[in-house]
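Trainee: So I've got this file, target.csv, and it contains CSV, C-alpha atoms and all ligand atoms:
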chain,number,residue,atom,x,y,z
A,1,MET,CA,-43.0,-85.8,150.5
A,2,ALA,CA,-45.5,-83.6,152.3
A,3,GLN,CA,-48.9,-85.2,152.2
A,4,GLN,CA,-52.4,-85.0,153.8
A,5,PHE,CA,-53.5,-88.2,155.6
A,6,PRO,CA,-55.8,-89.8,152.9
A,7,GLU,CA,-59.0,-91.5,153.7
A,8,GLN,CA,-58.8,-95.2,153.1
A,9,GLN,CA,-60.9,-95.0,150.0
A,10,ASP,CA,-58.7,-92.2,148.6
A,11,ILE,CA,-55.4,-94.2,148.8
A,12,ALA,CA,-55.9,-95.7,145.4
A,13,GLN,CA,-56.3,-92.2,143.9
A,14,TYR,CA,-53.1,-91.1,145.8
A,15,ASP,CA,-51.2,-94.0,144.4
A,16,LEU,CA,-52.5,-93.4,140.9
A,17,ALA,CA,-51.6,-89.7,141.1
A,18,GLN,CA,-48.1,-90.6,142.2
A,19,ILE,CA,-47.6,-93.1,139.4
A,20,LEU,CA,-48.9,-90.7,136.8
A,21,PHE,CA,-46.7,-87.9,138.0
A,22,GLU,CA,-43.6,-90.2,137.8
A,23,GLN,CA,-44.6,-91.2,134.3
A,24,GLN,CA,-45.2,-87.6,133.1
A,25,PHE,CA,-42.4,-85.8,134.8
A,26,LYS,CA,-39.7,-88.6,135.4
A,27,ARG,CA,-39.4,-87.8,139.1
A,28,SER,CA,-41.4,-88.0,142.4
A,29,PRO,CA,-43.9,-85.3,143.2
A,30,GLU,CA,-43.2,-83.0,146.1
A,31,LEU,CA,-46.8,-83.5,147.4
A,32,ILE,CA,-50.1,-85.1,146.8
A,33,CYS,CA,-53.4,-83.5,147.9
A,34,HIS,CA,-57.0,-84.1,147.6
A,35,ALA,CA,-60.3,-82.2,147.6
A,36,PRO,CA,-63.7,-83.8,147.8
A,37,GLY,CA,-66.8,-83.3,145.7
A,38,ARG,CA,-70.1,-82.6,147.6
A,39,VAL,CA,-73.7,-83.5,147.8
A,40,ASN,CA,-76.3,-80.9,149.0
A,41,LEU,CA,-78.9,-82.3,151.4
A,42,LEU,CA,-81.0,-79.2,151.4
A,43,GLY,CA,-81.0,-75.6,150.2
A,44,ASP,CA,-80.5,-75.4,146.4
A,45,HIS,CA,-80.3,-72.1,144.5
A,46,THR,CA,-80.2,-70.3,147.9
A,47,ASP,CA,-76.4,-69.7,148.1
A,48,TYR,CA,-76.3,-66.8,145.6
A,49,ASN,CA,-79.3,-65.3,147.4
A,50,ASP,CA,-77.3,-65.0,150.6
A,51,GLY,CA,-79.3,-67.9,152.0
A,52,PHE,CA,-78.8,-71.2,153.8
A,53,VAL,CA,-77.4,-74.5,152.4
A,54,LEU,CA,-76.8,-77.9,154.0
A,55,PRO,CA,-74.2,-79.8,152.0
A,56,ALA,CA,-71.7,-82.5,152.9
A,57,ALA,CA,-68.3,-83.3,151.4
A,58,ILE,CA,-68.3,-86.8,149.9
A,59,ASN,CA,-65.8,-89.6,149.4
A,60,TYR,CA,-65.4,-88.9,145.7
A,61,GLY,CA,-63.0,-86.2,144.8
A,62,THR,CA,-60.0,-84.8,142.9
A,63,THR,CA,-56.4,-85.7,143.6
A,64,ILE,CA,-53.4,-83.7,142.5
A,65,ALA,CA,-49.7,-84.7,142.6
A,66,ALA,CA,-47.5,-81.6,142.2
A,67,SER,CA,-44.0,-80.2,142.3
A,68,ALA,CA,-42.9,-76.5,142.3
A,69,ARG,CA,-41.0,-75.0,139.4
A,70,GLU,CA,-38.4,-72.2,139.3
A,71,ASP,CA,-40.1,-70.4,136.5
A,72,LYS,CA,-43.7,-69.2,135.9
A,73,LEU,CA,-44.7,-72.2,133.8
A,74,VAL,CA,-47.6,-74.4,134.7
A,75,LYS,CA,-47.6,-77.9,133.1
A,76,VAL,CA,-50.7,-80.0,133.8
A,77,TYR,CA,-51.6,-83.5,132.8
A,78,ALA,CA,-55.4,-84.3,133.2
A,79,HIS,CA,-55.8,-88.0,133.3
A,80,ASP,CA,-59.6,-88.0,133.2
A,81,CYS,CA,-59.9,-85.3,130.5
A,82,ASP,CA,-58.8,-87.6,127.6
A,83,GLN,CA,-55.3,-87.7,129.1
A,84,GLN,CA,-54.6,-84.2,127.8
A,85,THR,CA,-51.7,-82.0,128.7
A,86,ASN,CA,-51.8,-78.2,128.9
A,87,GLU,CA,-49.0,-75.7,129.4
A,88,PHE,CA,-49.1,-72.0,130.1
A,89,ASN,CA,-47.2,-69.1,131.6
A,90,LEU,CA,-48.7,-67.4,134.8
A,91,ASN,CA,-47.8,-64.0,133.3
A,92,ASP,CA,-49.8,-64.7,130.2
A,93,ILE,CA,-53.2,-66.3,131.0
A,94,SER,CA,-56.0,-66.5,128.4
A,95,PHE,CA,-59.2,-68.4,128.0
A,96,ASP,CA,-58.9,-71.7,126.1
A,97,GLN,CA,-61.9,-72.4,123.8
A,98,GLN,CA,-60.6,-75.9,122.9
A,99,MET,CA,-59.5,-77.4,126.2
A,100,MET,CA,-62.3,-76.3,128.5
A,101,TRP,CA,-60.9,-78.1,131.6
A,102,SER,CA,-57.7,-76.0,131.5
A,103,ASN,CA,-59.8,-72.9,132.2
A,104,TYR,CA,-60.4,-74.1,135.7
A,105,VAL,CA,-56.6,-74.2,136.3
A,106,LYS,CA,-56.1,-70.9,134.6
A,107,GLY,CA,-59.0,-69.2,136.3
A,108,THR,CA,-58.1,-70.5,139.7
A,109,LEU,CA,-54.4,-69.5,139.5
A,110,GLN,CA,-55.4,-66.1,138.1
A,111,ALA,CA,-57.6,-65.6,141.2
A,112,LEU,CA,-54.9,-66.9,143.5
A,113,MET,CA,-52.4,-64.4,142.0
A,114,THR,CA,-54.7,-61.5,143.0
A,115,THR,CA,-53.6,-62.2,146.5
A,116,TYR,CA,-50.3,-63.9,146.0
A,117,PRO,CA,-48.8,-62.4,142.8
A,118,GLU,CA,-45.3,-63.8,143.6
A,119,ILE,CA,-46.2,-67.5,143.2
A,120,LYS,CA,-44.2,-69.5,140.7
A,121,GLY,CA,-45.3,-72.3,138.4
A,122,ALA,CA,-45.8,-76.0,139.0
A,123,ASP,CA,-45.8,-79.4,137.3
A,124,PHE,CA,-48.9,-81.4,138.2
A,125,VAL,CA,-51.1,-84.3,137.4
A,126,VAL,CA,-54.8,-84.4,138.2
A,127,THR,CA,-57.1,-87.4,138.5
A,128,GLY,CA,-60.5,-87.7,140.1
A,129,ASN,CA,-63.6,-89.9,140.5
A,130,VAL,CA,-66.3,-87.3,140.8
A,131,PRO,CA,-68.6,-87.9,137.8
A,132,GLN,CA,-68.4,-84.8,135.6
A,133,GLY,CA,-71.5,-82.8,134.9
A,134,ALA,CA,-73.6,-84.8,137.5
A,135,GLY,CA,-74.1,-82.0,140.0
A,136,LEU,CA,-71.6,-83.4,142.5
A,137,SER,CA,-69.1,-80.5,142.1
A,138,SER,CA,-66.3,-82.0,140.1
A,139,SER,CA,-65.2,-78.5,139.1
A,140,ALA,CA,-65.2,-77.1,142.7
A,141,SER,CA,-63.2,-80.0,143.9
A,142,PHE,CA,-60.7,-79.4,141.1
A,143,GLU,CA,-60.4,-75.7,142.0
A,144,ILE,CA,-59.9,-76.5,145.7
A,145,ALA,CA,-57.4,-79.2,145.0
A,146,ILE,CA,-55.4,-76.8,142.9
A,147,LEU,CA,-55.5,-74.2,145.7
A,148,LYS,CA,-54.5,-76.7,148.3
A,149,ALA,CA,-51.5,-77.8,146.1
A,150,PHE,CA,-50.3,-74.3,145.6
A,151,SER,CA,-50.8,-73.3,149.2
A,152,GLN,CA,-48.6,-76.2,150.2
A,153,LEU,CA,-46.0,-75.8,147.5
A,154,TYR,CA,-45.5,-72.1,148.3
A,155,GLN,CA,-46.5,-72.0,152.0
A,156,LEU,CA,-49.3,-69.6,151.5
A,157,ASP,CA,-51.5,-68.7,154.5
A,158,LEU,CA,-54.6,-69.7,152.7
A,159,ASP,CA,-57.5,-71.0,154.8
A,160,GLY,CA,-60.6,-72.8,153.7
A,161,ILE,CA,-62.8,-69.7,153.5
A,162,LYS,CA,-60.3,-67.7,151.5
A,163,ALA,CA,-59.7,-70.7,149.2
A,164,ALA,CA,-63.5,-71.1,148.6
A,165,LEU,CA,-63.8,-67.4,147.7
A,166,LEU,CA,-60.9,-67.7,145.2
A,167,GLY,CA,-62.5,-70.8,143.6
A,168,GLN,CA,-65.8,-69.0,143.3
A,169,GLN,CA,-63.9,-66.0,141.8
A,170,ALA,CA,-62.4,-68.3,139.2
A,171,GLU,CA,-65.9,-69.5,138.2
A,172,ASN,CA,-67.5,-66.1,138.2
A,173,ASN,CA,-64.8,-64.1,136.5
A,174,PHE,CA,-63.0,-66.6,134.3
A,175,VAL,CA,-65.1,-69.7,133.5
A,176,GLY,CA,-68.3,-67.7,133.2
A,177,CYS,CA,-70.7,-69.4,135.7
A,178,ASN,CA,-72.2,-67.0,138.2
A,179,CYS,CA,-72.3,-69.7,140.9
A,180,GLY,CA,-72.6,-69.2,144.6
A,181,ILE,CA,-70.1,-70.2,147.3
A,182,MET,CA,-71.6,-73.5,148.5
A,183,ASP,CA,-69.6,-76.0,146.4
A,184,GLN,CA,-66.1,-74.5,147.0
A,185,LEU,CA,-66.8,-73.9,150.7
A,186,ILE,CA,-67.9,-77.4,151.5
A,187,SER,CA,-65.0,-78.9,149.4
A,188,ALA,CA,-62.6,-76.9,151.5
A,189,MET,CA,-64.3,-77.0,154.9
A,190,GLY,CA,-66.4,-80.2,155.1
A,191,GLN,CA,-66.2,-82.2,158.3
A,192,LYS,CA,-66.0,-86.0,158.4
A,193,ASN,CA,-69.4,-87.6,159.2
A,194,HIS,CA,-71.1,-84.2,159.3
A,195,ALA,CA,-73.2,-82.0,157.0
A,196,MET,CA,-72.8,-78.3,157.3
A,197,LEU,CA,-75.4,-75.6,157.6
A,198,LEU,CA,-73.7,-72.6,155.9
A,199,ASP,CA,-75.1,-69.1,156.1
A,200,CYS,CA,-74.1,-67.7,152.7
A,201,LYS,CA,-74.6,-64.1,153.9
A,202,ASP,CA,-71.7,-64.1,156.4
A,203,LEU,CA,-70.1,-67.5,155.8
A,204,SER,CA,-70.7,-68.6,159.3
A,205,PHE,CA,-71.4,-72.3,159.6
A,206,GLU,CA,-72.5,-75.1,162.0
A,207,ASP,CA,-71.7,-78.8,161.5
A,208,ALA,CA,-74.4,-81.3,162.1
A,209,PRO,CA,-73.6,-85.0,162.6
A,210,ILE,CA,-75.1,-87.4,160.1
A,211,PRO,CA,-76.7,-90.3,162.1
A,212,ASP,CA,-74.5,-93.4,162.0
A,213,ASP,CA,-77.2,-95.6,160.5
A,214,LEU,CA,-77.8,-93.4,157.5
A,215,VAL,CA,-76.2,-93.7,154.1
A,216,LEU,CA,-75.9,-90.7,151.7
A,217,PHE,CA,-77.4,-92.5,148.8
A,218,ILE,CA,-76.8,-90.7,145.5
A,219,VAL,CA,-78.3,-91.8,142.2
A,220,ASN,CA,-77.2,-90.3,138.9
A,221,SER,CA,-80.2,-90.0,136.5
A,222,ASN,CA,-77.6,-90.0,133.7
A,223,VAL,CA,-79.6,-87.3,131.9
A,224,LYS,CA,-77.2,-85.3,129.8
A,225,ARG,CA,-77.3,-81.8,131.3
A,226,GLY,CA,-78.1,-79.1,128.8
A,227,LEU,CA,-78.3,-75.3,129.0
A,228,VAL,CA,-76.9,-75.5,132.5
A,229,ASP,CA,-75.0,-72.3,132.6
A,230,SER,CA,-77.5,-70.1,130.7
A,231,GLU,CA,-80.5,-71.4,132.7
A,232,TYR,CA,-78.5,-71.1,135.9
A,233,ASN,CA,-77.5,-67.5,135.2
A,234,LEU,CA,-81.1,-66.7,134.2
A,235,ARG,CA,-82.5,-68.0,137.5
A,236,ARG,CA,-80.0,-65.9,139.3
A,237,GLU,CA,-81.1,-62.8,137.4
A,238,GLN,CA,-84.8,-63.5,138.2
A,239,CYS,CA,-84.0,-63.7,141.9
A,240,GLU,CA,-82.1,-60.5,141.7
A,241,LYS,CA,-85.0,-58.7,140.1
A,242,VAL,CA,-87.2,-59.6,143.0
A,243,ALA,CA,-84.6,-58.5,145.5
A,244,GLU,CA,-84.4,-55.2,143.6
A,245,HIS,CA,-88.2,-54.9,143.8
A,246,PHE,CA,-88.0,-55.0,147.6
A,247,GLY,CA,-85.0,-52.7,147.7
A,248,VAL,CA,-82.7,-55.2,149.3
A,249,SER,CA,-79.4,-56.7,148.1
A,250,ALA,CA,-80.5,-60.3,148.2
A,251,LEU,CA,-83.7,-62.4,148.7
A,252,ARG,CA,-82.4,-63.5,152.1
A,253,ASP,CA,-83.7,-60.3,153.4
A,254,VAL,CA,-87.3,-60.8,152.1
A,255,THR,CA,-89.8,-62.6,154.4
A,256,LEU,CA,-92.5,-65.0,153.1
A,257,GLU,CA,-95.1,-62.6,154.4
A,258,GLN,CA,-93.6,-59.7,152.5
A,259,LEU,CA,-93.4,-61.8,149.3
A,260,ILE,CA,-97.0,-62.9,149.7
A,261,SER,CA,-98.3,-59.4,150.2
A,262,ALA,CA,-96.5,-58.2,147.1
A,263,LYS,CA,-97.9,-61.1,144.9
A,264,GLU,CA,-100.1,-58.8,142.8
A,265,GLN,CA,-97.2,-56.5,141.9
A,266,LEU,CA,-94.8,-59.3,140.8
A,267,GLU,CA,-94.8,-61.2,137.5
A,268,PRO,CA,-96.1,-64.7,138.4
A,269,LEU,CA,-92.8,-66.3,137.2
A,270,LEU,CA,-90.7,-64.1,139.5
A,271,PHE,CA,-93.1,-64.7,142.4
A,272,LYS,CA,-92.5,-68.5,142.0
A,273,ARG,CA,-88.7,-68.2,141.8
A,274,ALA,CA,-88.6,-66.1,145.0
A,275,HIS,CA,-91.2,-68.4,146.7
A,276,HIS,CA,-88.8,-71.3,146.2
A,277,VAL,CA,-85.8,-69.5,147.6
A,278,ILE,CA,-87.5,-68.1,150.7
A,279,THR,CA,-89.2,-71.4,151.6
A,280,GLU,CA,-86.0,-73.3,150.8
A,281,ASN,CA,-84.1,-71.3,153.4
A,282,SER,CA,-86.5,-72.3,156.2
A,283,ARG,CA,-86.4,-75.9,155.1
A,284,ALA,CA,-82.6,-75.9,155.3
A,285,ILE,CA,-82.7,-74.6,158.9
A,286,THR,CA,-85.5,-77.1,159.8
A,287,THR,CA,-83.4,-80.0,158.4
A,288,LEU,CA,-80.4,-79.0,160.4
A,289,LYS,CA,-82.4,-79.1,163.6
A,290,ALA,CA,-84.0,-82.4,162.6
A,291,LEU,CA,-80.6,-84.0,161.8
A,292,LYS,CA,-79.3,-83.0,165.2
A,293,SER,CA,-82.2,-84.7,166.9
A,294,ASN,CA,-82.3,-87.6,164.4
A,295,ASP,CA,-85.9,-86.7,163.5
A,296,MET,CA,-86.3,-88.5,160.2
A,297,ALA,CA,-90.0,-87.8,159.8
A,298,THR,CA,-89.3,-84.1,159.7
A,299,ILE,CA,-86.3,-84.5,157.3
A,300,SER,CA,-88.4,-86.6,155.0
A,301,VAL,CA,-91.1,-83.9,154.7
A,302,ALA,CA,-88.5,-81.1,154.2
A,303,MET,CA,-86.7,-83.0,151.4
A,304,LYS,CA,-90.0,-83.9,149.7
A,305,GLU,CA,-91.2,-80.2,149.8
A,306,SER,CA,-87.8,-79.1,148.6
A,307,HIS,CA,-88.0,-81.3,145.6
A,308,ALA,CA,-91.5,-80.1,144.8
A,309,SER,CA,-90.4,-76.5,145.1
A,310,LEU,CA,-87.4,-77.0,142.8
A,311,ARG,CA,-89.7,-78.8,140.3
A,312,ASP,CA,-92.7,-76.4,140.4
A,313,ASP,CA,-91.5,-73.0,141.5
A,314,PHE,CA,-87.9,-73.0,140.4
A,315,GLU,CA,-88.3,-75.3,137.4
A,316,VAL,CA,-84.9,-76.9,137.4
A,317,SER,CA,-85.8,-80.6,137.7
A,318,THR,CA,-86.4,-83.0,134.9
A,319,LYS,CA,-88.9,-85.8,134.4
A,320,GLU,CA,-86.2,-88.4,135.0
A,321,MET,CA,-85.2,-86.9,138.3
A,322,ASP,CA,-88.8,-86.6,139.3
A,323,GLY,CA,-89.2,-90.3,138.4
A,324,LEU,CA,-86.2,-91.3,140.5
A,325,VAL,CA,-87.5,-89.3,143.5
A,326,ALA,CA,-90.9,-90.9,143.2
A,327,ILE,CA,-89.5,-94.5,143.0
A,328,ILE,CA,-87.2,-93.9,146.0
A,329,ASP,CA,-89.9,-92.1,148.1
A,330,ASN,CA,-92.2,-94.9,147.5
A,331,VAL,CA,-89.8,-97.3,149.2
A,332,LEU,CA,-88.6,-94.9,152.0
A,333,GLY,CA,-91.8,-93.2,153.1
A,334,ALA,CA,-91.1,-91.4,156.4
A,335,ASP,CA,-88.1,-93.6,157.1
A,336,GLY,CA,-85.8,-91.6,154.8
A,337,GLY,CA,-85.7,-88.5,152.6
A,338,VAL,CA,-85.1,-87.9,148.9
A,339,ARG,CA,-84.8,-84.9,146.5
A,340,MET,CA,-82.9,-83.7,143.5
A,341,THR,CA,-79.6,-82.1,144.4
A,342,GLY,CA,-77.4,-79.3,143.0
A,343,GLY,CA,-78.1,-77.0,140.1
A,344,GLY,CA,-80.5,-79.3,138.3
A,345,PHE,CA,-81.4,-79.8,134.6
A,346,GLY,CA,-80.2,-83.4,135.0
A,347,GLY,CA,-77.6,-84.9,137.3
A,348,CYS,CA,-78.3,-86.6,140.6
A,349,VAL,CA,-80.9,-87.1,143.3
A,350,VAL,CA,-79.8,-87.6,146.9
A,351,ALA,CA,-81.5,-89.8,149.5
A,352,LEU,CA,-80.9,-90.3,153.2
A,353,VAL,CA,-81.4,-94.0,153.5
A,354,PRO,CA,-81.3,-96.2,156.6
A,355,THR,CA,-78.5,-98.8,156.1
A,356,ALA,CA,-81.1,-101.6,156.4
A,357,MET,CA,-83.1,-100.2,153.4
A,358,VAL,CA,-80.3,-99.7,150.9
A,359,GLU,CA,-80.8,-102.9,149.0
A,360,GLN,CA,-84.5,-102.3,148.8
A,361,VAL,CA,-84.0,-98.9,147.3
A,362,LYS,CA,-81.5,-100.2,144.8
A,363,ASP,CA,-83.8,-103.0,143.7
A,364,ALA,CA,-86.7,-100.5,143.2
A,365,VAL,CA,-84.6,-98.2,141.1
A,366,ASN,CA,-83.1,-101.0,139.1
A,367,SER,CA,-86.4,-102.6,138.3
A,368,ARG,CA,-88.3,-99.4,137.4
A,369,TYR,CA,-86.0,-96.5,136.3
A,370,GLU,CA,-84.6,-97.9,133.1
A,371,GLU,CA,-87.9,-99.4,132.1
A,372,GLU,CA,-89.6,-96.0,132.4
A,373,PHE,CA,-86.9,-93.7,131.1
A,374,SER,CA,-84.6,-95.9,129.0
A,375,LEU,CA,-81.6,-94.7,131.0
A,376,LYS,CA,-79.3,-96.7,133.3
A,377,PRO,CA,-79.1,-95.2,136.8
A,378,ARG,CA,-75.7,-95.1,138.6
A,379,PHE,CA,-75.4,-95.4,142.4
A,380,TYR,CA,-72.9,-93.7,144.7
A,381,LEU,CA,-73.1,-94.9,148.3
A,382,CYS,CA,-71.4,-92.1,150.1
A,383,THR,CA,-70.1,-91.0,153.5
A,384,ALA,CA,-69.4,-87.5,154.6
A,385,THR,CA,-65.7,-86.7,154.5
A,386,GLN,CA,-63.2,-84.0,155.5
A,387,GLY,CA,-62.6,-81.0,153.3
A,388,ALA,CA,-59.2,-80.1,151.9
A,389,PHE,CA,-58.5,-77.2,154.4
A,390,ARG,CA,-60.1,-78.6,157.5
B,1,LIG,C1,-74.4,-75.2,141.5
B,1,LIG,C2,-73.7,-73.9,142.0
B,1,LIG,C3,-73.9,-73.7,143.5
B,1,LIG,C4,-75.4,-73.7,143.8
B,1,LIG,C5,-76.0,-74.9,143.3
B,1,LIG,C6,-77.5,-74.9,143.4
B,1,LIG,O1,-73.9,-76.3,142.1
B,1,LIG,O2,-72.3,-74.1,141.7
B,1,LIG,O3,-73.3,-72.4,143.8
B,1,LIG,O4,-76.0,-72.5,143.4
B,1,LIG,O5,-75.8,-75.1,141.9
B,1,LIG,O6,-77.8,-75.0,144.8
How would this structure read if it were set down as structure tokens?
Ligand code: GLA
Mentor:
Amino acid sequence: MAQQFPEQQDIAQYDLAQILFEQQFKRSPELICHAPGRVNLLGDHTDYNDGFVLPAAINYGTTIAASAREDKLVKVYAHDCDQQTNEFNLNDISFDQQMMWSNYVKGTLQALMTTYPEIKGADFVVTGNVPQGAGLSSSASFEIAILKAFSQLYQLDLDGIKAALLGQQAENNFVGCNCGIMDQLISAMGQKNHAMLLDCKDLSFEDAPIPDDLVLFIVNSNVKRGLVDSEYNLRREQCEKVAEHFGVSALRDVTLEQLISAKEQLEPLLFKRAHHVITENSRAITTLKALKSNDMATISVAMKESHASLRDDFEVSTKEMDGLVAIIDNVLGADGGVRMTGGGFGGCVVALVPTAMVEQVKDAVNSRYEEEFSLKPRFYLCTATQGAFR
């Protein structure tokens, strides 16, 4: 059986995928593969503006056990989507209104077939531990795991960048979310113990080590995310309008000085949206440099400003996420950083926490969050892991 070398913590998922495959298909899988979810340390809503992001792949992900078929059928068992099964023919792919998760499989394989029309079908089972709808990219890790499985089953010359673009294509053209490239790219190309500064304009990237004594501390606000796709697509349109005003293809090519001098000509709301994106790009670069020199005071300020900008200028935070950030910031001060992470409208906050302060942060959240917001927080203590194609 061809197999990646799993991280220690993924072994249980590999075993589970193997057992589930044997139960479903009455034989052993040809391969098992895995793609991680991600957390973004800085640079939100910048990727679709050709800007900079600073994500890390995390030790929560999606695992697939698969075998090739001789025909064009795809049979999938999704353990964590109510143990549902879906079956379709690669020559006849259509959107499924009922089984939404199956559209990630269909969209991804349709995108893959634009480059590799000759692929045949597969039997596979999927299981994962990225919380769904929490802003940690369960769907991107699903897409990248599917692409990894098919690239191994059919020996396709797919690399991480190509795979990321295909995953994004599935979201944009099939699922209906106009997302950027960040989530798929870091799931494919993350580097163990590193965050990645990705330039979304030309997809060049630089890895930055995460200091040994820091934990990627993620807290799920457990706010049910609403209107995510429509609000997300609206933010993107607003950014595009400002780029159009300046006659450039993306906000990446507008400087803060240019924006400020055009303030009177822009609708106030559009000004705020663009102000977030342009300042967020500089914060991502500043944070990369600060990570490299282990300058926590600078990281702390950049994360604080990023949260305020996402809250006030881009308006994608919630009162619960603001509350979590305030509770954690109060403990960490300049010794760590905290902000909301991902698309927003609910989901998670991310903190960079010195190992010695982890218990203090947990205690503070446990004693205040539920009392203030009547919601139970959930903690994920993460390390940065390797992407599926790295
Ligand atoms: C979602 C999208 C990404 C990115 C983030 C916000 O996760 O999938 O492309 O835009 O939101 O930074």
Trainee: Please identify every polymer residue within 8 Å of ligand LIG 1 (chain B), using all atoms listed in the file, and present the set as a PyMOL selection string.
Mentor: chain A and resi 40+43-48+53+135-137+140+177-183+232+341-344
Trainee: Might you pull out every residue within 12 Å of A:Phe150, with all atoms listed in the file counted and same-chain residues fewer than 5 positions away left off, and present them as number ranges by chain?
Mentor: A: 30-33, 64-69, 74, 105, 108-109, 112-113, 116, 118-124, 143-145, 155-158, 163
Trainee: Please list as a list in words every residue within 10 Å of A:Ser94, counting all atoms listed in the file and excluding residues in the same chain fewer than 3 positions away.
Mentor: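 Residues meeting the cut-off are Phe88, Asn89, Leu90, Asn91, Gln97, Asn103, Lys106, Gly107, Gln110 and Phe174 of chain A.
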Trainee: Any idea what's packed within 9 Å of A:Asp10, counting all atoms listed in the file, ignoring anything in its chain fewer than 6 positions away? Could you give it as a count of residues only?
Mentor: 5
Trainee: What does the distance between atom CA of A:Glu359 and atom CA of A:Asp335 come to in Å, to one decimal place?
Mentor: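 Computing it gives 14.3 Å between the two atoms.
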